[in-house]
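For reference, run.cif (mmCIF, C-alpha atoms):
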data_coords
loop_
_atom_site.label_atom_id
_atom_site.label_comp_id
_atom_site.auth_asym_id
_atom_site.auth_seq_id
_atom_site.Cartn_x
_atom_site.Cartn_y
_atom_site.Cartn_z
CA MET E 25 -12.68 39.22 4.45
CA LYS E 26 -13.37 36.15 6.60
CA THR E 27 -13.19 33.95 3.50
CA ILE E 28 -9.74 35.30 2.61
CA ILE E 29 -8.49 34.81 6.18
CA LYS E 30 -9.82 31.23 6.19
CA ARG E 31 -7.97 30.52 2.95
CA PHE E 32 -4.69 31.78 4.40
CA VAL E 33 -5.26 29.71 7.54
CA ARG E 34 -5.96 26.70 5.31
CA LEU E 35 -2.75 27.40 3.41
CA LEU E 36 -0.65 27.57 6.58
CA ILE E 37 -2.24 24.45 8.09
CA GLY E 38 -1.71 22.51 4.88
CA LEU E 39 1.94 23.50 4.61
CA CYS E 40 2.55 22.60 8.26
CA VAL E 41 0.87 19.20 7.89
CA MET E 42 2.83 18.49 4.71
CA SER E 43 6.09 19.54 6.37
CA PHE E 44 5.32 17.31 9.35
CA GLY E 45 5.17 14.41 6.91
CA SER E 46 8.55 15.42 5.49
CA ALA E 47 9.98 15.59 9.02
CA MET E 48 8.71 12.07 9.75
CA ALA E 49 10.56 10.74 6.72
CA LEU E 50 13.69 12.69 7.66
CA VAL E 51 13.99 11.39 11.23
CA ALA E 52 13.27 7.83 10.04
CA ASP E 53 16.69 8.07 8.36
CA LEU E 54 16.02 5.37 5.78
CA GLY E 55 16.80 7.66 2.85
CA MET E 56 15.50 11.03 1.77
CA GLU E 57 12.54 11.71 -0.45
CA PRO E 58 13.39 12.39 -4.11
CA TRP E 59 13.45 16.20 -4.07
CA ASP E 60 15.60 16.17 -0.93
CA VAL E 61 17.99 13.74 -2.62
CA LEU E 62 18.31 16.36 -5.36
CA ASN E 63 18.86 19.13 -2.77
CA ASP E 64 21.53 17.05 -1.06
CA GLY E 65 23.23 16.10 -4.32
CA MET E 66 23.21 19.67 -5.64
CA ALA E 67 24.71 21.03 -2.41
CA LYS E 68 27.49 18.41 -2.48
CA PHE E 69 28.19 18.97 -6.16
CA LEU E 70 28.37 22.77 -5.96
CA GLN E 71 30.43 22.78 -2.77
CA GLY E 72 32.78 20.13 -4.13
CA THR E 73 33.17 21.97 -7.45
CA PHE E 74 33.65 25.53 -6.21
CA ASP E 75 34.68 24.92 -2.56
CA ILE E 76 33.50 28.37 -1.48
CA ARG E 77 33.28 28.95 2.26
CA LEU E 78 31.89 31.69 4.44
CA SER E 79 34.05 33.79 6.75
CA ASN E 80 33.39 31.39 9.64
CA GLY E 81 34.58 28.44 7.58
CA ALA E 82 31.12 27.00 6.91
CA ASP E 83 30.20 25.72 3.46
CA LEU E 84 28.44 28.23 1.23
CA PHE E 85 26.36 25.61 -0.57
CA THR E 86 24.31 23.92 2.15
CA PHE E 87 21.26 21.66 1.87
CA GLY E 88 18.94 24.58 2.68
CA ARG E 89 20.51 26.94 0.16
CA ALA E 90 20.38 24.25 -2.51
CA ASN E 91 16.70 23.79 -1.69
CA ILE E 92 16.05 27.50 -2.25
CA MET E 93 18.08 27.58 -5.48
CA ILE E 94 16.25 24.59 -6.93
CA GLY E 95 12.89 25.97 -5.79
CA LEU E 96 13.52 29.30 -7.51
CA THR E 97 14.66 27.53 -10.70
CA ILE E 98 11.49 25.43 -10.80
CA LEU E 99 9.45 28.54 -10.03
CA LEU E 100 10.91 30.16 -13.15
CA ILE E 101 9.81 27.14 -15.20
CA ASP E 102 6.32 27.40 -13.70
CA VAL E 103 6.11 31.06 -14.67
CA LEU E 104 7.29 30.34 -18.22
CA PHE E 105 4.46 27.82 -18.56
CA ARG E 106 1.98 30.34 -17.11
CA GLU E 107 1.36 28.56 -13.84
CA LYS E 108 -0.19 30.98 -11.35
CA VAL E 109 2.19 32.31 -8.72
CA GLY E 110 0.60 33.47 -5.51
CA PHE E 111 1.41 34.25 -1.90
CA GLY E 112 1.33 30.53 -1.17
CA THR E 113 4.19 29.91 -3.57
CA PHE E 114 6.59 32.09 -1.60
CA ILE E 115 5.21 31.12 1.81
CA ASN E 116 5.89 27.51 0.81
CA ILE E 117 9.56 28.27 0.16
CA LEU E 118 9.99 30.23 3.42
CA LEU E 119 7.89 28.14 5.81
CA CYS E 120 8.34 24.45 5.02
CA GLY E 121 12.02 24.08 5.89
CA ASN E 122 11.55 25.87 9.21
CA VAL E 123 8.61 23.65 10.15
CA VAL E 124 10.69 20.55 9.42
CA ASP E 125 13.54 21.90 11.59
CA PHE E 126 11.04 22.63 14.39
CA CYS E 127 9.56 19.12 14.27
CA THR E 128 12.94 17.37 14.25
CA GLY E 129 14.54 19.49 16.97
CA ASP E 130 17.06 21.12 14.66
CA MET E 131 15.55 24.57 15.33
CA ILE E 132 15.36 24.36 19.14
CA PRO E 133 18.01 22.01 20.60
CA GLY E 134 16.49 19.62 23.12
CA PHE E 135 12.94 20.07 21.82
CA ALA E 136 11.44 17.87 19.12
CA LEU E 137 7.95 16.70 18.14
CA LEU E 138 9.27 13.45 16.69
CA PRO E 139 11.68 10.72 17.81
CA ASP E 140 14.97 11.06 15.97
CA PHE E 141 16.60 7.87 14.66
CA ARG E 142 19.33 9.65 12.72
CA GLY E 143 22.72 8.14 13.52
CA LEU E 144 21.32 5.25 15.58
CA PRO E 145 22.17 1.62 14.71
CA MET E 146 19.72 0.24 12.15
CA THR E 147 19.43 -3.12 13.95
CA GLU E 148 17.94 -1.48 17.05
CA SER E 149 15.25 0.59 15.38
CA PHE E 150 14.39 -0.71 11.92
CA LEU E 151 10.67 -1.30 12.50
CA PRO E 152 9.98 2.15 14.07
CA ARG E 153 11.96 3.75 11.23
CA LEU E 154 9.97 1.83 8.64
CA ALA E 155 6.67 2.76 10.31
CA LEU E 156 7.59 6.46 10.40
CA CYS E 157 8.68 6.39 6.78
CA VAL E 158 5.49 4.73 5.52
CA LEU E 159 3.13 6.78 7.71
CA SER E 160 4.83 10.00 6.56
CA LEU E 161 3.12 9.54 3.19
CA ILE E 162 -0.30 10.37 4.68
CA PRO E 163 0.35 13.85 6.18
CA ALA E 164 2.62 14.71 3.25
CA ALA E 165 -0.15 14.02 0.72
CA TYR E 166 -3.02 15.30 2.87
CA GLY E 167 -1.19 18.53 3.65
CA MET E 168 -0.58 19.02 -0.05
CA TYR E 169 -4.31 18.71 -0.75
CA ILE E 170 -5.20 21.17 2.05
CA TYR E 171 -2.79 23.90 1.02
CA MET E 172 -3.36 23.52 -2.73
CA SER E 173 -7.14 23.73 -2.24
CA ALA E 174 -6.67 27.17 -0.66
CA ARG E 175 -5.86 28.33 -4.21
CA LEU E 176 -3.29 30.87 -3.04
CA GLY E 177 -0.49 29.44 -5.14
CA SER E 178 1.14 26.03 -5.30
CA GLY E 179 4.71 25.45 -4.21
CA PRO E 180 7.20 25.45 -7.09
CA ARG E 181 7.40 21.65 -7.29
CA ASP E 182 3.64 21.15 -6.98
CA GLY E 183 3.14 23.88 -9.56
CA LEU E 184 5.39 21.93 -11.90
CA MET E 185 3.23 18.86 -11.27
CA CYS E 186 0.16 20.85 -12.32
CA VAL E 187 1.95 22.12 -15.45
CA VAL E 188 2.88 18.59 -16.55
CA LYS E 189 -0.55 17.19 -15.66
CA ARG E 190 -2.34 19.76 -17.82
CA ARG E 191 -0.15 18.80 -20.76
CA SER E 192 -0.44 15.05 -20.13
CA ALA E 193 -4.16 14.44 -19.82
CA ARG E 194 -3.86 10.66 -20.13
CA ILE E 195 -1.44 10.32 -17.20
CA PRO E 196 -3.08 10.31 -13.73
CA VAL E 197 -1.83 12.86 -11.21
CA GLY E 198 -0.16 10.10 -9.20
CA GLY E 199 1.74 9.00 -12.29
CA VAL E 200 2.89 12.56 -12.99
CA ARG E 201 4.21 12.84 -9.43
CA VAL E 202 6.09 9.55 -9.70
CA ILE E 203 7.69 10.62 -13.00
CA LEU E 204 8.82 14.01 -11.67
CA GLU E 205 10.15 12.59 -8.42
CA GLY E 206 11.87 9.80 -10.31
CA CYS E 207 13.70 12.40 -12.41
CA ALA E 208 14.66 14.41 -9.31
CA LEU E 209 15.88 11.24 -7.61
CA THR E 210 18.00 10.15 -10.56
CA LEU E 211 19.64 13.55 -10.98
CA GLY E 212 20.21 13.90 -7.23
CA TRP E 213 21.80 10.44 -7.04
CA LEU E 214 24.10 11.21 -9.97
CA LEU E 215 25.18 14.38 -8.15
CA GLY E 216 25.95 12.43 -4.97
CA GLY E 217 22.70 12.68 -3.00
CA ALA E 218 21.93 10.08 -0.30
CA VAL E 219 19.55 7.29 -1.38
CA GLY E 220 18.17 4.45 0.78
CA LEU E 221 15.28 2.06 1.30
CA GLY E 222 13.03 4.92 2.42
CA THR E 223 13.67 6.70 -0.85
CA ILE E 224 12.36 3.70 -2.78
CA ILE E 225 9.27 3.52 -0.56
CA LEU E 226 8.51 7.22 -0.98
CA VAL E 227 9.02 7.15 -4.75
CA CYS E 228 6.75 4.15 -5.25
CA LEU E 229 3.96 5.06 -2.83
CA SER E 230 3.75 8.86 -2.65
CA GLY E 231 1.98 9.19 -6.00
CA PRO E 232 -0.69 6.52 -5.36
CA VAL E 233 -1.36 7.79 -1.81
CA MET E 234 -1.76 11.35 -3.08
CA GLN E 235 -4.04 10.17 -5.88
CA VAL E 236 -6.31 8.36 -3.39
CA ILE E 237 -6.58 11.40 -1.13
CA PHE E 238 -7.29 13.72 -4.05
CA LYS E 239 -10.01 11.37 -5.29
CA LEU E 240 -11.60 11.10 -1.84
CA HIS E 241 -12.00 14.88 -1.80
CA LYS E 242 -12.88 15.09 -5.51
CA PHE E 243 -9.91 17.40 -6.04
CA ASP E 244 -8.77 17.67 -9.65
CA VAL E 245 -5.57 19.65 -10.27
CA ARG E 246 -6.64 20.20 -13.88
CA GLU E 247 -9.46 22.41 -12.58
CA LEU E 248 -7.28 24.19 -10.05
CA ARG E 249 -6.98 27.93 -10.63
CA ASN E 250 -4.55 29.55 -8.25
CA GLU E 251 -4.96 33.19 -7.35
CA THR E 252 -2.07 35.45 -8.29
CA ILE E 253 -0.61 37.94 -5.83
CA PRO E 254 -2.30 40.95 -7.54
CA GLU E 255 -5.63 39.10 -7.50
CA THR E 256 -5.33 38.35 -3.78
CA ILE E 257 -4.42 41.97 -3.00
CA SER E 258 -7.40 43.13 -5.07
CA ALA E 259 -9.70 40.74 -3.19
CA VAL E 260 -8.44 42.02 0.18
CA ARG E 261 -8.98 45.64 -0.91
CA GLY E 262 -12.47 44.79 -2.09
CA ALA E 263 -13.32 43.12 1.21
CA LEU E 264 -11.98 46.06 3.22
CA ALA E 265 -13.92 48.51 1.03
CA LYS E 266 -17.18 46.67 1.77
CA LYS E 267 -16.54 46.99 5.49
CA THR E 268 -16.11 50.72 5.26
#
For this file, write the structure as structure tokens.
Amino acid sequence: MKTIIKRFVRLLIGLCVMSFGSAMALVADLGMEPWDVLNDGMAKFLQGTFDIRLSNGADLFTFGRANIMIGLTILLIDVLFREKVGFGTFINILLCGNVVDFCTGDMIPGFALLPDFRGLPMTESFLPRLALCVLSLIPAAYGMYIYMSARLGSGPRDGLMCVVKRRSARIPVGGVRVILEGCALTLGWLLGGAVGLGTIILVCLSGPVMQVIFKLHKFDVRELRNETIPETISAVRGALAKKT
């Protein structure tokens, strides 16, 4: 039972570390990372096309809702290609956005773990913004390694990376990430998503940084076997049965 608990703790820590990296890039305000460009573009496209609003006048298609919609669509692709879906897959969808909001101060007004440069003049804060953007690559990649190594289910987008990697043996994992994020970036930009200097930095460096971290820990996604939800439940039952 202790082993299962440790894996869930590892999963949560990894997702929080990864989300902290995403928050660093967000508050740097030099441009969103590729998947967020797609989220932003999809929200703008859907809202502009259908112009559906809630009873309070707010837009129906927000950045967060677009994120969930895209995540569920990619999850469907993962399932079709027999990628394992576990508790971690759904925890990823539910937890990451909230952690980012917590770190940036969007969840609790007046409280933030990071300095927020959004809306400030670029001339007054370019170097701190650039530093935050570049350094965000490390926790983003390291958190990904931590949570994926828990083997409780990759997030939809990381699951897609594993699917493509298994079918493209000659392409390194960093290359697969760059290709997928490049596609997300292009589609998001065509839909109206915000792109900036930080976007270019994240597209070019996220794959290589992740590849270095994976190699340091001898972590090969081709050998990764995620536990499905029924398998995890069965393991918990087995552990509880041994105690009794």
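Residue neighbourhood of stretch 258-265 of chain E, excluding near-sequence residues (fewer than 4 positions): Met25, Lys26, Ile28, Ile253 and Pro254 of chain E, at 9 Å, using only C-alpha atoms.
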Atomic separation - atom CA of E:Gly198 relative to atom CA of E:Leu96, Å: 23.6 Å
Could you build a table of the residues in stretch 63-103 of chain E lying no more than 9 Å from stretch 109-121 of chain E, giving for each the nearest pair of atoms and their separation in Å rounded to one decimal place, using all atoms listed in the file, ordered by chain and ascending residue number, as a Markdown table?
| residue | atom | partner | partner_atom | distance |
| --- | --- | --- | --- | --- |
| E:Gly88 | CA | E:Gly121 | CA | 7.6 |
| E:Asn91 | CA | E:Ile117 | CA | 8.6 |
| E:Ile92 | CA | E:Ile117 | CA | 7.0 |
| E:Gly95 | CA | E:Ile117 | CA | 7.2 |
| E:Leu96 | CA | E:Ile117 | CA | 8.7 |
| E:Leu99 | CA | E:Val109 | CA | 8.3 |
| E:Asp102 | CA | E:Val109 | CA | 8.1 |
| E:Val103 | CA | E:Val109 | CA | 7.2 |
Just the selected residues (C-alpha atoms), exported as a PDB file, in the coordinates of the input, please.
ATOM      1  CA  GLY E  88      18.940  24.580   2.680  1.00  0.00           C
ATOM      2  CA  ASN E  91      16.700  23.790  -1.690  1.00  0.00           C
ATOM      3  CA  ILE E  92      16.050  27.500  -2.250  1.00  0.00           C
ATOM      4  CA  GLY E  95      12.890  25.970  -5.790  1.00  0.00           C
ATOM      5  CA  LEU E  96      13.520  29.300  -7.510  1.00  0.00           C
ATOM      6  CA  LEU E  99       9.450  28.540 -10.030  1.00  0.00           C
ATOM      7  CA  ASP E 102       6.320  27.400 -13.700  1.00  0.00           C
ATOM      8  CA  VAL E 103       6.110  31.060 -14.670  1.00  0.00           C
TER       9      VAL E 103
END
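Residue nearest E:Val233 within the list E:Lys189, E:Ile170, E:Ala164, E:Val33: E:Ala164 [criterion: smallest interatomic distance, only C-alpha atoms].
With atom CA of E:Val41 on one side and atom CA of E:Pro163 on the other, the separation reads 5.6 Å.
When the PyMOL selection byres ((chain E and resi 183) around 9) is evaluated on the file shown here, the picked residues come out as E:Ile98, E:Leu99, E:Asp102, E:Glu107, E:Lys108, E:Val109, E:Thr113, E:Gly177, E:Ser178, E:Gly179, E:Pro180, E:Arg181, E:Asp182, E:Leu184, E:Met185, E:Cys186, E:Val187, E:Val188.
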Output check: residues returned by the PyMOL selection byres ((chain E and resi 140) around 12), as number ranges by chain: E: 47-54, 125, 127-130, 134-139, 141-145, 149, 152-153, 156
Picked residues, the PyMOL selection byres ((chain E and resi 203-220) around 6), expected as a PyMOL selection string: chain E and resi 54-55+58-59+61-62+64-65+69+200-202+221-223
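Atom CA of E:Leu161 sits 14.0 Å away from atom CA of E:Cys40.
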Pick from E:Leu240, E:Leu100, E:Ile224, E:Ala67, whichever lies nearest to E:Leu84 using all atoms listed in the file: E:Ala67
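Across E:Tyr171, E:Ser192, E:Met234, E:Cys228, the tightest approach to E:Arg246 is made by E:Ser192 when counting all atoms listed in the file.
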Best match for closeness to E:Thr256 among E:Ile132, E:Met56, E:Met168, E:Arg175, counting all atoms listed in the file: E:Arg175
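Among E:Met131, E:Leu176, E:Pro196, E:Leu226, the residue with the shortest atom-to-atom distance to E:Asn250, counting all atoms listed in the file, is E:Leu176.
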